[in-house]
Amino acid sequence: MAWLIRIAVVVSVLIVWKVSPVSVLTRTADDATIESYEAVYELSANGDLLVSEQLIVELPPGKRGIFRIFDTVDPRRSDVEHPVEVISITRDGVTEPWTWTDSASGTRTARIGDEDVFLSPGEHVYTIVSRTVDALEPASDGGDATAAWWWDVVGSGWSMPMESARVKAALPAAPVSVECVQGVDTPCTATVEGAFMSVETGPLDPFTPVTTRATFPPNSLPLPPGSPTGGVSLVLVILGGVIAAGLGVGLWFATRERQPGFPVLFEPPAGVGPATGFRVLAEEDSADDLQATLFDLGGRGAVTLSSSGSDWVVQLLAEPASLELTGEGRAVLSGLGLDGAGEHFTVTDTVTSGTRISSTLTMLRSSVAAEAAPYLERSLVGTFGRFLAGAAACAVVAAGGFWFFFDNRVPWVLLVPTAVFAFVAAGVAVDRSASTKHSAAGRELWSRVGGFSRFLSTESSESRFDAAAHADWYPRYLGWATALGVADAWAERFAAQGVDVSNLGYVHGVGPHGTFSSSDLRNSVASSISGASSAYAASVSSSSGGGFSGGSGGGGGGGGSW
């Protein structure tokens with residue numbers, strides 16, 4: 001699960017980094033055509049920008065006009081915006097009605113035309129004059145330049161193909177360098193004469209920007225607002241990532257407990273059952289706690305387990321009050337409805353049986369939690385750390401979703417540190433044991449359970465363990481071996497010395513042929529319990545019902561027809 005979280009975090013970051021949002025992937029070209037696009041830019045030393053655009057548009061029948069999308073966010077400076085003021089709009093030399101309409105985040109859209117008037121098909125000449133501010137930004141190339149104009153002089157959002165595009169720009173000073181790119185990485189030529197720049201391109205496919213970047217000599221212009229795109233942001237991202245990784249590692253160590261010694265012990269701790277023992281050892285419930293408790297009850301002389309085929313019958317041998325049982329053992333007997341000697345319960349793959357098994361498991365784990373409470377205390381650091389790690393992972397995945405589905409990008413200076421922390425701390429997020437810590441009594445019990453697990457699963461350093469002389473230990477401790485996940489190793493301890501442990505005393509018949517092995521027994525009981533639980537789960541899901549299914553510079557923008 002931890003690695004699934006890490007993969008989700010990495011994939012989400014890659015989506016934000018490399019994948020275009022769905023609005024870009026699914027956008028379609030307009031059926032109108034821009035036969036000629038001409039733009040004149042007048043850039044002031046303080047960053048004010050006056051733009052005059054002339055579009056000769058070939059409109060098909062059934063069109064009312066066009067719309068113009070203006071970008072208002074800065075792609076490199078989160079603290080800078082480019083509000084747009086539309087000064088005038090004309091069509092064929094006459095003032096044209098227009099209005100602001102709904103637009104995506106970071107843009108403003110002007111709908112140009114009268115919704116009650118359809119235009120004649122053919123050529124129409126639109127002139128749009130607008131103004132914005134803070135178009136200059138600090139240079140980031142590490143050279144002598146201190147200011148730059150990095151702009152989509154033809155926006156990336158034009159859904160209409162262009163037959164030709166010509167751009168002229170009056171700059172506030174003679175630039176020291178000028179770059180031009182068409183689309184993502186196709187070079188284009190920008191001609192510079194003094195403080196004047198011009199760009200001319202051939203046909204442009206829909207959504208193809210033309211981006212220019214001009215840098216100006218030191219002290220030729222006032223220093224623009226905002227941070228440059230290079231060193232500062234990258235340093236903050238790296239520094240944030242390093243700090244986040246350190247916090248993740250620190251959280252992992254803060255939720256680890258120093259293990260006590262595990263001296264080999266030849267008997268389980270007194271007063272607790274195998275399910276509680278495992279809970280204190282691993283700080284989580286055993287996957288086999290129910291069948292382990294049944295085996296423990298058998299070893300204590302409380303029940304017999306009888307099988308014929310795939311069904312199992314649990315029969316109570318004596319009154320519960322007369323038996324020395326653990327709390328978890330009493331919870332299982334109560335859950336199965338075994339209150340008096342001679343009563344029995346049959347485990348089958350039916351809904352009725354599955355319902356009883358499910359409720360018994362709930363009662364068992366509730367009893368185990370209560371019995372383990374004196375040994376396991378709540379860890380505030382671990383609880384908060386698990387929440388924080390989980391929240392960080394969810395935030396990164398959500399950031400990927402917001403970018404892909406809604407075209408909203410979380411700043412890298414926030415996304416990268418959060419992703420690094422979520423990646424490093426994913427193990428804490430899924431580790432239930434991080435939420436608890438052992439009390440003094442808990443550390444003692446932890447040591448004893450661990451020591452007994454060593455005895456069950458490994459060859460004793462003391463060679464005097466005689467399997468034949470202690471054959472009765474096998475059935476007595478099978479519940480513990482099952483809960484601790486070492487049942488196969490426990491059986492091998494006896495098999496290695498040629499001791500047959502097929503006669504458990506409290507088990508009668510395994511499988512349709514009455515054959516027996518340790519793994520047969522556990523697998524058969526587990527299969528029977530699983531079948532009953534599955535039948536119950538299927539009945540719950542089937543009755544739940546309801547429901548139904550059914551590279552940017554800045555500025556630029558674009559538009560289309562309507």
# chains A, B, ... in the order shown; residues from 1 in each chain; ligands from 1
$ select_by_dssp --residues "stretch 160-281 of chain A" --states "strand (DSSP E or B)" --output "number ranges by chain"
A: 162, 165-170, 177-182, 186-187, 190-193, 196-201, 204, 210-216
$ write_last_selection --atoms "N, CA and C atoms" --output "mmCIF file, in the first residue's frame"
data_model
loop_
_atom_site.group_PDB
_atom_site.id
_atom_site.type_symbol
_atom_site.label_atom_id
_atom_site.label_comp_id
_atom_site.auth_asym_id
_atom_site.auth_seq_id
_atom_site.Cartn_x
_atom_site.Cartn_y
_atom_site.Cartn_z
ATOM 1 N N MET A 162 -4.574 30.215 -39.054
ATOM 2 C CA MET A 162 -4.163 31.502 -39.627
ATOM 3 C C MET A 162 -3.389 31.267 -40.903
ATOM 4 N N ALA A 165 0.651 35.575 -40.328
ATOM 5 C CA ALA A 165 0.691 36.394 -39.120
ATOM 6 C C ALA A 165 1.869 37.348 -39.209
ATOM 7 N N ARG A 166 1.605 38.625 -38.902
ATOM 8 C CA ARG A 166 2.657 39.643 -38.898
ATOM 9 C C ARG A 166 2.530 40.441 -37.611
ATOM 10 N N VAL A 167 3.663 40.606 -36.937
ATOM 11 C CA VAL A 167 3.685 41.290 -35.652
ATOM 12 C C VAL A 167 4.773 42.352 -35.690
ATOM 13 N N LYS A 168 4.427 43.556 -35.208
ATOM 14 C CA LYS A 168 5.404 44.622 -35.041
ATOM 15 C C LYS A 168 5.351 45.088 -33.593
ATOM 16 N N ALA A 169 6.519 45.413 -33.040
ATOM 17 C CA ALA A 169 6.574 45.841 -31.642
ATOM 18 C C ALA A 169 7.523 47.010 -31.499
ATOM 19 N N ALA A 170 7.022 48.072 -30.852
ATOM 20 C CA ALA A 170 7.865 49.211 -30.494
ATOM 21 C C ALA A 170 8.311 48.991 -29.056
ATOM 22 N N SER A 177 19.281 41.066 -26.933
ATOM 23 C CA SER A 177 19.043 39.774 -27.578
ATOM 24 C C SER A 177 17.557 39.604 -27.808
ATOM 25 N N VAL A 178 17.238 38.869 -28.875
ATOM 26 C CA VAL A 178 15.838 38.574 -29.207
ATOM 27 C C VAL A 178 15.754 37.125 -29.655
ATOM 28 N N GLU A 179 14.797 36.390 -29.098
ATOM 29 C CA GLU A 179 14.552 34.999 -29.498
ATOM 30 C C GLU A 179 13.115 34.877 -29.986
ATOM 31 N N CYS A 180 12.873 33.898 -30.851
ATOM 32 C CA CYS A 180 11.539 33.689 -31.393
ATOM 33 C C CYS A 180 11.328 32.196 -31.607
ATOM 34 N N VAL A 181 10.160 31.691 -31.176
ATOM 35 C CA VAL A 181 9.836 30.295 -31.389
ATOM 36 C C VAL A 181 8.371 30.189 -31.792
ATOM 37 N N GLN A 182 8.108 29.270 -32.713
ATOM 38 C CA GLN A 182 6.759 29.026 -33.216
ATOM 39 C C GLN A 182 6.309 27.650 -32.730
ATOM 40 N N THR A 186 9.795 25.169 -32.734
ATOM 41 C CA THR A 186 10.143 25.514 -34.107
ATOM 42 C C THR A 186 10.691 26.944 -34.150
ATOM 43 N N PRO A 187 11.959 27.143 -34.505
ATOM 44 C CA PRO A 187 12.516 28.501 -34.506
ATOM 45 C C PRO A 187 11.825 29.381 -35.544
ATOM 46 N N ALA A 190 12.977 36.859 -35.750
ATOM 47 C CA ALA A 190 12.538 38.178 -35.308
ATOM 48 C C ALA A 190 13.555 39.199 -35.808
ATOM 49 N N THR A 191 13.114 40.145 -36.609
ATOM 50 C CA THR A 191 13.994 41.182 -37.166
ATOM 51 C C THR A 191 13.992 42.392 -36.239
ATOM 52 N N VAL A 192 15.187 42.897 -35.924
ATOM 53 C CA VAL A 192 15.305 44.019 -34.996
ATOM 54 C C VAL A 192 16.035 45.163 -35.681
ATOM 55 N N GLU A 193 15.451 46.346 -35.574
ATOM 56 C CA GLU A 193 16.100 47.572 -36.031
ATOM 57 C C GLU A 193 15.969 48.603 -34.920
ATOM 58 N N PHE A 196 12.890 48.577 -32.550
ATOM 59 C CA PHE A 196 11.705 48.040 -33.226
ATOM 60 C C PHE A 196 11.949 46.584 -33.616
ATOM 61 N N MET A 197 10.947 45.760 -33.378
ATOM 62 C CA MET A 197 11.043 44.334 -33.682
ATOM 63 C C MET A 197 9.864 43.937 -34.556
ATOM 64 N N SER A 198 10.113 43.022 -35.492
ATOM 65 C CA SER A 198 9.025 42.523 -36.336
ATOM 66 C C SER A 198 9.196 41.026 -36.532
ATOM 67 N N VAL A 199 8.056 40.336 -36.622
ATOM 68 C CA VAL A 199 8.011 38.887 -36.823
ATOM 69 C C VAL A 199 6.966 38.600 -37.883
ATOM 70 N N GLU A 200 7.294 37.706 -38.799
ATOM 71 C CA GLU A 200 6.342 37.315 -39.841
ATOM 72 C C GLU A 200 6.423 35.809 -40.030
ATOM 73 N N THR A 201 5.258 35.159 -40.019
ATOM 74 C CA THR A 201 5.223 33.703 -40.181
ATOM 75 C C THR A 201 4.264 33.332 -41.298
ATOM 76 N N LEU A 204 -0.335 29.107 -39.722
ATOM 77 C CA LEU A 204 -0.263 28.569 -38.366
ATOM 78 C C LEU A 204 -1.483 27.691 -38.120
ATOM 79 N N VAL A 210 3.114 31.997 -31.201
ATOM 80 C CA VAL A 210 4.407 32.542 -31.603
ATOM 81 C C VAL A 210 4.913 33.332 -30.395
ATOM 82 N N THR A 211 6.050 32.908 -29.851
ATOM 83 C CA THR A 211 6.568 33.471 -28.601
ATOM 84 C C THR A 211 7.885 34.181 -28.864
ATOM 85 N N THR A 212 8.016 35.379 -28.332
ATOM 86 C CA THR A 212 9.279 36.117 -28.437
ATOM 87 C C THR A 212 9.780 36.453 -27.038
ATOM 88 N N ARG A 213 11.116 36.576 -26.942
ATOM 89 C CA ARG A 213 11.730 37.024 -25.690
ATOM 90 C C ARG A 213 12.850 37.992 -26.035
ATOM 91 N N ALA A 214 12.677 39.224 -25.580
ATOM 92 C CA ALA A 214 13.692 40.267 -25.797
ATOM 93 C C ALA A 214 14.240 40.697 -24.455
ATOM 94 N N THR A 215 15.565 40.801 -24.348
ATOM 95 C CA THR A 215 16.202 41.253 -23.112
ATOM 96 C C THR A 215 16.860 42.604 -23.365
ATOM 97 N N PHE A 216 16.930 43.422 -22.308
ATOM 98 C CA PHE A 216 17.371 44.798 -22.455
ATOM 99 C C PHE A 216 18.619 45.062 -21.604
#
$ select_by_dssp --residues "stretch 262-441 of chain A" --states "helix (DSSP H, G or I)" --output "ChimeraX atom specification"
/A:274-282,289-299,320-322,327-335,351-372,380-406,412-424,426-430,432-435,440-441
$ write_last_selection --atoms "C-alpha atoms" --output "compact mmCIF listing (two decimals), in the first residue's frame"
# COMPACT_ATOMS: atom_id res chain seq x y z
CA PRO A 274 -2.87 -15.45 20.79
CA ALA A 275 -4.91 -12.69 19.11
CA THR A 276 -4.10 -10.23 21.89
CA GLY A 277 -0.48 -11.35 21.93
CA PHE A 278 -0.12 -10.65 18.23
CA ARG A 279 -1.85 -7.27 18.64
CA VAL A 280 0.73 -6.24 21.25
CA LEU A 281 3.60 -7.62 19.17
CA ALA A 282 2.65 -6.09 15.81
CA ASP A 289 -7.09 -14.23 14.59
CA LEU A 290 -10.44 -16.03 14.38
CA GLN A 291 -9.13 -19.45 13.45
CA ALA A 292 -6.19 -18.98 15.84
CA THR A 293 -8.67 -18.39 18.67
CA LEU A 294 -10.64 -21.49 17.66
CA PHE A 295 -7.44 -23.56 17.80
CA ASP A 296 -6.59 -22.00 21.18
CA LEU A 297 -10.05 -22.93 22.46
CA GLY A 298 -9.45 -26.47 21.21
CA GLY A 299 -6.09 -26.61 22.95
CA PRO A 320 -17.94 -21.60 29.58
CA ALA A 321 -18.03 -20.61 33.27
CA SER A 322 -16.17 -23.79 34.20
CA GLY A 327 -11.46 -12.67 27.00
CA GLU A 328 -11.05 -13.23 23.28
CA GLY A 329 -12.04 -16.90 23.65
CA ARG A 330 -15.23 -15.95 25.46
CA ALA A 331 -15.99 -13.35 22.78
CA VAL A 332 -15.74 -16.00 20.04
CA LEU A 333 -17.99 -18.46 21.89
CA SER A 334 -20.52 -15.72 22.52
CA GLY A 335 -20.38 -14.57 18.93
CA VAL A 351 -25.37 -15.91 4.17
CA THR A 352 -26.64 -16.94 7.61
CA SER A 353 -23.33 -18.50 8.57
CA GLY A 354 -21.40 -15.60 7.08
CA THR A 355 -23.42 -13.07 9.04
CA ARG A 356 -22.60 -14.89 12.28
CA ILE A 357 -18.89 -15.19 11.35
CA SER A 358 -18.73 -11.48 10.54
CA SER A 359 -20.30 -10.44 13.84
CA THR A 360 -18.07 -12.90 15.73
CA LEU A 361 -14.96 -11.41 14.15
CA THR A 362 -16.14 -7.93 15.15
CA MET A 363 -16.70 -9.06 18.74
CA LEU A 364 -13.31 -10.78 18.80
CA ARG A 365 -11.41 -7.72 17.64
CA SER A 366 -13.34 -5.48 20.02
CA SER A 367 -12.35 -7.80 22.88
CA VAL A 368 -8.73 -7.89 21.69
CA ALA A 369 -8.62 -4.08 21.54
CA ALA A 370 -9.92 -3.87 25.10
CA GLU A 371 -7.46 -6.48 26.39
CA ALA A 372 -4.53 -4.82 24.59
CA LEU A 380 -0.03 11.66 19.41
CA VAL A 381 3.03 12.05 17.18
CA GLY A 382 2.17 8.91 15.22
CA THR A 383 -1.54 9.75 14.90
CA PHE A 384 -0.82 13.27 13.67
CA GLY A 385 2.01 12.04 11.46
CA ARG A 386 -0.21 9.43 9.77
CA PHE A 387 -2.85 12.09 9.15
CA LEU A 388 -0.28 14.55 7.81
CA ALA A 389 1.32 11.97 5.49
CA GLY A 390 -2.06 10.83 4.19
CA ALA A 391 -3.23 14.40 3.69
CA ALA A 392 -0.05 15.25 1.78
CA ALA A 393 -0.53 12.29 -0.56
CA CYS A 394 -4.18 13.23 -1.14
CA ALA A 395 -3.17 16.84 -1.82
CA VAL A 396 -0.64 15.81 -4.47
CA VAL A 397 -3.12 13.51 -6.21
CA ALA A 398 -5.73 16.29 -6.05
CA ALA A 399 -3.21 18.72 -7.58
CA GLY A 400 -2.75 16.34 -10.49
CA GLY A 401 -6.50 16.13 -10.93
CA PHE A 402 -7.01 19.89 -10.74
CA TRP A 403 -4.38 20.41 -13.41
CA PHE A 404 -5.61 17.67 -15.74
CA PHE A 405 -9.35 18.31 -15.44
CA PHE A 406 -9.57 22.01 -14.58
CA TRP A 412 5.89 24.08 -7.90
CA VAL A 413 7.27 25.59 -4.71
CA LEU A 414 4.28 24.02 -2.90
CA LEU A 415 3.76 20.89 -5.00
CA VAL A 416 7.31 19.51 -4.94
CA PRO A 417 7.89 19.68 -1.14
CA THR A 418 4.44 18.21 -0.51
CA ALA A 419 5.11 15.38 -2.96
CA VAL A 420 8.54 14.65 -1.46
CA PHE A 421 7.10 14.51 2.06
CA ALA A 422 4.24 12.25 0.93
CA PHE A 423 6.68 9.93 -0.86
CA VAL A 424 9.03 9.61 2.11
CA ALA A 426 4.02 6.97 2.81
CA GLY A 427 5.15 4.09 5.02
CA VAL A 428 3.98 5.99 8.11
CA ALA A 429 0.63 6.78 6.50
CA VAL A 430 -0.26 3.10 6.11
CA ARG A 432 -1.32 1.41 11.89
CA SER A 433 1.28 0.69 14.54
CA ALA A 434 2.51 4.27 14.21
CA SER A 435 -0.65 5.44 16.03
CA ALA A 440 6.00 -0.26 30.32
CA ALA A 441 3.80 -3.35 30.74
$ atom_distance --atom1 "atom CA of A:Gly226" --atom2 "atom CA of A:Val153"
21.1 Å
$ residues_around --residues "A:Pro61" --least-positions-apart "6" --cutoff "10 Å" --atoms "only C-alpha atoms" --output "PyMOL selection string"
chain A and resi 32+118-122
$ closest_residue --among "A:Pro218, A:Ile5, A:Gly113, A:Ala425" --to "A:Gly248" --atoms "only C-alpha atoms"
A:Ala425
$ atom_distance --atom1 "atom CA of A:Thr348" --atom2 "atom CA of A:Thr304"
16.4 Å
$ atom_distance --atom1 "atom CA of A:Ala318" --atom2 "atom CA of A:Val507"
16.3 Å
$ closest_residue --among "A:Ser88, A:Ser447, A:Ser44, A:Thr109" --to "A:Ser220" --atoms "only C-alpha atoms"
A:Ser44
$ closest_residue --among "A:Arg378, A:Arg409, A:Arg6, A:Arg27" --to "A:Val73" --atoms "only C-alpha atoms"
A:Arg409
$ residues_around --residues "stretch 130-132 of chain A" --least-positions-apart "6" --cutoff "10 Å" --atoms "only C-alpha atoms" --output "ChimeraX atom specification"
/A:41-43,47-53,70,72,81-89,555
$ write_last_selection --atoms "N, CA and C atoms" --output "PDB file, in the first residue's frame"
ATOM      1  N   TYR A  41       2.358  46.085 -31.203  1.00  0.00           N
ATOM      2  CA  TYR A  41       2.562  46.217 -29.760  1.00  0.00           C
ATOM      3  C   TYR A  41       3.355  47.487 -29.478  1.00  0.00           C
ATOM      4  N   GLU A  42       2.911  48.233 -28.462  1.00  0.00           N
ATOM      5  CA  GLU A  42       3.659  49.398 -27.981  1.00  0.00           C
ATOM      6  C   GLU A  42       3.957  49.161 -26.496  1.00  0.00           C
ATOM      7  N   LEU A  43       5.230  48.870 -26.202  1.00  0.00           N
ATOM      8  CA  LEU A  43       5.650  48.513 -24.845  1.00  0.00           C
ATOM      9  C   LEU A  43       6.352  49.698 -24.198  1.00  0.00           C
ATOM     10  N   GLY A  47       6.359  48.833 -18.299  1.00  0.00           N
ATOM     11  CA  GLY A  47       5.670  47.565 -18.523  1.00  0.00           C
ATOM     12  C   GLY A  47       4.265  47.687 -19.072  1.00  0.00           C
ATOM     13  N   ASP A  48       3.735  48.907 -19.240  1.00  0.00           N
ATOM     14  CA  ASP A  48       2.420  49.057 -19.861  1.00  0.00           C
ATOM     15  C   ASP A  48       2.497  48.590 -21.318  1.00  0.00           C
ATOM     16  N   LEU A  49       1.463  47.930 -21.775  1.00  0.00           N
ATOM     17  CA  LEU A  49       1.473  47.366 -23.130  1.00  0.00           C
ATOM     18  C   LEU A  49       0.169  47.699 -23.825  1.00  0.00           C
ATOM     19  N   LEU A  50       0.281  48.398 -24.956  1.00  0.00           N
ATOM     20  CA  LEU A  50      -0.865  48.723 -25.799  1.00  0.00           C
ATOM     21  C   LEU A  50      -0.823  47.820 -27.027  1.00  0.00           C
ATOM     22  N   VAL A  51      -1.947  47.141 -27.325  1.00  0.00           N
ATOM     23  CA  VAL A  51      -1.985  46.164 -28.415  1.00  0.00           C
ATOM     24  C   VAL A  51      -3.117  46.514 -29.370  1.00  0.00           C
ATOM     25  N   SER A  52      -2.787  46.565 -30.658  1.00  0.00           N
ATOM     26  CA  SER A  52      -3.796  46.754 -31.699  1.00  0.00           C
ATOM     27  C   SER A  52      -3.734  45.558 -32.636  1.00  0.00           C
ATOM     28  N   GLU A  53      -4.828  44.800 -32.718  1.00  0.00           N
ATOM     29  CA  GLU A  53      -4.876  43.596 -33.541  1.00  0.00           C
ATOM     30  C   GLU A  53      -5.884  43.790 -34.672  1.00  0.00           C
ATOM     31  N   PHE A  70      -8.276  36.684 -23.443  1.00  0.00           N
ATOM     32  CA  PHE A  70      -7.075  37.366 -22.960  1.00  0.00           C
ATOM     33  C   PHE A  70      -6.527  36.599 -21.749  1.00  0.00           C
ATOM     34  N   THR A  72      -4.663  36.556 -18.309  1.00  0.00           N
ATOM     35  CA  THR A  72      -4.470  37.566 -17.264  1.00  0.00           C
ATOM     36  C   THR A  72      -3.476  37.138 -16.194  1.00  0.00           C
ATOM     37  N   GLU A  81      -0.192  39.970 -12.114  1.00  0.00           N
ATOM     38  CA  GLU A  81      -1.274  39.686 -13.051  1.00  0.00           C
ATOM     39  C   GLU A  81      -1.263  40.716 -14.168  1.00  0.00           C
ATOM     40  N   HIS A  82      -2.004  40.394 -15.231  1.00  0.00           N
ATOM     41  CA  HIS A  82      -2.078  41.291 -16.385  1.00  0.00           C
ATOM     42  C   HIS A  82      -3.540  41.600 -16.690  1.00  0.00           C
ATOM     43  N   PRO A  83      -4.170  42.462 -15.880  1.00  0.00           N
ATOM     44  CA  PRO A  83      -5.565  42.818 -16.155  1.00  0.00           C
ATOM     45  C   PRO A  83      -5.698  43.487 -17.523  1.00  0.00           C
ATOM     46  N   VAL A  84      -6.796  43.204 -18.200  1.00  0.00           N
ATOM     47  CA  VAL A  84      -6.974  43.677 -19.575  1.00  0.00           C
ATOM     48  C   VAL A  84      -8.070  44.741 -19.628  1.00  0.00           C
ATOM     49  N   GLU A  85      -7.761  45.814 -20.328  1.00  0.00           N
ATOM     50  CA  GLU A  85      -8.749  46.856 -20.620  1.00  0.00           C
ATOM     51  C   GLU A  85      -8.959  46.896 -22.136  1.00  0.00           C
ATOM     52  N   VAL A  86     -10.187  46.645 -22.562  1.00  0.00           N
ATOM     53  CA  VAL A  86     -10.508  46.736 -23.987  1.00  0.00           C
ATOM     54  C   VAL A  86     -10.880  48.183 -24.296  1.00  0.00           C
ATOM     55  N   ILE A  87     -10.138  48.786 -25.224  1.00  0.00           N
ATOM     56  CA  ILE A  87     -10.351  50.196 -25.567  1.00  0.00           C
ATOM     57  C   ILE A  87     -11.392  50.334 -26.667  1.00  0.00           C
ATOM     58  N   SER A  88     -11.280  49.509 -27.700  1.00  0.00           N
ATOM     59  CA  SER A  88     -12.262  49.587 -28.792  1.00  0.00           C
ATOM     60  C   SER A  88     -12.258  48.295 -29.577  1.00  0.00           C
ATOM     61  N   ILE A  89     -13.426  47.996 -30.187  1.00  0.00           N
ATOM     62  CA  ILE A  89     -13.557  46.850 -31.083  1.00  0.00           C
ATOM     63  C   ILE A  89     -14.428  47.290 -32.264  1.00  0.00           C
ATOM     64  N   GLY A 555       0.601  36.661 -21.600  1.00  0.00           N
ATOM     65  CA  GLY A 555      -0.333  37.315 -22.505  1.00  0.00           C
ATOM     66  C   GLY A 555      -0.853  36.352 -23.533  1.00  0.00           C
TER      67      GLY A 555
END
